[in-house]
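The next block is protein_33.pdb, given as PDB, C-alpha atoms, pLDDT in the B column.
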```pdb
ATOM      1  CA  MET A  18     -15.627 -21.052 -29.485  1.00 67.00           C
ATOM      2  CA  ARG A  19     -15.129 -24.208 -27.552  1.00 72.00           C
ATOM      3  CA  LEU A  20     -18.882 -24.571 -27.509  1.00 74.00           C
ATOM      4  CA  SER A  21     -18.946 -25.342 -31.228  1.00 74.00           C
ATOM      5  CA  ASP A  22     -16.411 -28.121 -30.636  1.00 77.00           C
ATOM      6  CA  THR A  23     -18.828 -29.575 -28.088  1.00 82.00           C
ATOM      7  CA  TRP A  24     -21.592 -30.041 -30.626  1.00 85.00           C
ATOM      8  CA  THR A  25     -19.380 -31.437 -33.406  1.00 85.00           C
ATOM      9  CA  GLY A  26     -21.037 -34.651 -34.478  1.00 88.00           C
ATOM     10  CA  ARG A  27     -24.005 -33.868 -32.204  1.00 92.00           C
ATOM     11  CA  PRO A  28     -26.650 -32.060 -34.258  1.00 93.00           C
ATOM     12  CA  ASP A  29     -29.039 -32.457 -31.329  1.00 95.00           C
ATOM     13  CA  LEU A  30     -26.798 -30.253 -29.135  1.00 93.00           C
ATOM     14  CA  ARG A  31     -26.457 -27.632 -31.878  1.00 91.00           C
ATOM     15  CA  ALA A  32     -30.237 -27.653 -32.358  1.00 95.00           C
ATOM     16  CA  ALA A  33     -30.773 -27.258 -28.598  1.00 94.00           C
ATOM     17  CA  PHE A  34     -28.354 -24.312 -28.508  1.00 91.00           C
ATOM     18  CA  LEU A  35     -30.070 -22.592 -31.417  1.00 93.00           C
ATOM     19  CA  ASP A  36     -33.473 -23.303 -29.902  1.00 96.00           C
ATOM     20  CA  GLY A  37     -32.361 -21.602 -26.704  1.00 95.00           C
ATOM     21  CA  TYR A  38     -30.826 -18.775 -28.740  1.00 93.00           C
ATOM     22  CA  GLY A  39     -34.209 -18.305 -30.396  1.00 97.00           C
ATOM     23  CA  ARG A  40     -33.159 -18.368 -34.043  1.00 97.00           C
ATOM     24  CA  SER A  41     -30.753 -19.822 -36.564  1.00 96.00           C
ATOM     25  CA  LEU A  42     -27.462 -18.102 -37.201  1.00 94.00           C
ATOM     26  CA  THR A  43     -27.156 -15.869 -40.241  1.00 97.00           C
ATOM     27  CA  PRO A  44     -24.553 -16.745 -42.891  1.00 97.00           C
ATOM     28  CA  ALA A  45     -22.378 -13.902 -41.562  1.00 97.00           C
ATOM     29  CA  GLU A  46     -22.675 -15.269 -38.011  1.00 95.00           C
ATOM     30  CA  GLU A  47     -21.796 -18.789 -39.197  1.00 93.00           C
ATOM     31  CA  LEU A  48     -18.703 -17.400 -40.931  1.00 94.00           C
ATOM     32  CA  ARG A  49     -17.759 -15.410 -37.831  1.00 94.00           C
ATOM     33  CA  LEU A  50     -18.130 -18.540 -35.700  1.00 91.00           C
ATOM     34  CA  ASP A  51     -15.792 -20.443 -38.032  1.00 93.00           C
ATOM     35  CA  CYS A  52     -13.233 -17.606 -38.033  1.00 94.00           C
ATOM     36  CA  GLU A  53     -13.266 -17.352 -34.250  1.00 93.00           C
ATOM     37  CA  ALA A  54     -12.956 -21.146 -33.999  1.00 93.00           C
ATOM     38  CA  ALA A  55      -9.875 -21.029 -36.251  1.00 95.00           C
ATOM     39  CA  PHE A  56      -8.273 -18.303 -34.116  1.00 96.00           C
ATOM     40  CA  ASP A  57      -9.042 -20.265 -30.954  1.00 95.00           C
ATOM     41  CA  ALA A  58      -7.636 -23.453 -32.487  1.00 95.00           C
ATOM     42  CA  VAL A  59      -4.329 -21.836 -33.418  1.00 97.00           C
ATOM     43  CA  SER A  60      -4.113 -20.240 -29.983  1.00 97.00           C
ATOM     44  CA  GLY A  61      -4.838 -23.597 -28.353  1.00 96.00           C
ATOM     45  CA  ILE A  62      -2.160 -25.335 -30.396  1.00 98.00           C
ATOM     46  CA  ALA A  63       0.418 -22.706 -29.435  1.00 98.00           C
ATOM     47  CA  TYR A  64      -0.612 -22.782 -25.772  1.00 98.00           C
ATOM     48  CA  GLY A  65      -0.806 -26.561 -25.565  1.00 98.00           C
ATOM     49  CA  THR A  66       2.523 -27.042 -27.291  1.00 98.00           C
ATOM     50  CA  SER A  67       4.337 -24.522 -25.115  1.00 98.00           C
ATOM     51  CA  ARG A  68       2.908 -26.016 -21.917  1.00 98.00           C
ATOM     52  CA  ASP A  69       3.098 -29.669 -22.910  1.00 98.00           C
ATOM     53  CA  ASP A  70      -0.694 -30.044 -22.798  1.00 98.00           C
ATOM     54  CA  PRO A  71      -1.616 -32.627 -25.443  1.00 98.00           C
ATOM     55  CA  GLU A  72      -5.358 -32.346 -24.777  1.00 96.00           C
ATOM     56  CA  VAL A  73      -5.466 -28.626 -25.622  1.00 95.00           C
ATOM     57  CA  THR A  74      -3.164 -29.164 -28.591  1.00 98.00           C
ATOM     58  CA  GLU A  75      -5.319 -31.969 -29.964  1.00 96.00           C
ATOM     59  CA  ARG A  76      -8.503 -29.922 -29.556  1.00 94.00           C
ATOM     60  CA  GLY A  77      -6.918 -27.218 -31.689  1.00 95.00           C
ATOM     61  CA  HIS A  78      -5.883 -29.693 -34.372  1.00 97.00           C
ATOM     62  CA  ARG A  79      -9.329 -31.309 -34.294  1.00 94.00           C
ATOM     63  CA  THR A  80     -10.997 -27.945 -34.802  1.00 94.00           C
ATOM     64  CA  LEU A  81      -8.743 -27.098 -37.745  1.00 96.00           C
ATOM     65  CA  ARG A  82      -9.455 -30.507 -39.327  1.00 95.00           C
ATOM     66  CA  ARG A  83     -13.192 -29.932 -38.915  1.00 93.00           C
ATOM     67  CA  LEU A  84     -12.997 -26.471 -40.456  1.00 95.00           C
ATOM     68  CA  ARG A  85     -10.888 -27.768 -43.330  1.00 96.00           C
ATOM     69  CA  ALA A  86     -13.437 -30.514 -44.035  1.00 95.00           C
ATOM     70  CA  GLN A  87     -16.283 -27.976 -43.992  1.00 92.00           C
ATOM     71  CA  HIS A  88     -14.454 -25.500 -46.253  1.00 92.00           C
ATOM     72  CA  PRO A  89     -12.267 -27.483 -48.685  1.00 87.00           C
TER      73      PRO A  89
END
```

Using structure tokens, write down the structure from this file.
Amino acid sequence: MRLSDTWTGRPDLRAAFLDGYGRSLTPAEELRLDCEAAFDAVSGIAYGTSRDDPEVTERGHRTLRRLRAQHP
């Protein structure tokens, strides 16, 4: 799931990933990716908060903001 955070704002990286994957993702796969990213974000926020790791916490918040913007 952290991979999708890597290509946020970098359509060239997403395109390279999909090119290597050999096809575009189906709508169901796109939805699954978003759901897994949300789960990972919440987990990261909980982990980062409990271990005083602001970088992990911020990544989780950033992911949730991105998902919220994509799915208002």

| message | Counting all atoms listed in the file, which residue out of A:Asp51, A:Asp69, A:Thr43, A:Arg82 sits closest to Leu20 (chain A)? | response |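 Of A:Asp51, A:Asp69, A:Thr43, A:Arg82, the one nearest Leu20 (chain A) is A:Asp51, counting all atoms listed in the file.
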
| task | Select, counting only C-alpha atoms, all protein, DNA and RNA residues no farther than 12 Å from (-6.0, -31.7, -32.8) in file coordinates, and express the selection as number ranges by chain. | result | A: 22, 55, 57-63, 65-66, 70-84

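The space separating CA of Arg19 (chain A) from CA of Leu50 (chain A) comes to 10.4 Å.
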
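The interatomic distance for the pair CA of Asp29 (chain A) and CA of Cys52 (chain A) works out to 22.7 Å.
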
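In this structure, CA of Thr25 (chain A) sits 14.1 Å away from CA of Glu47 (chain A).
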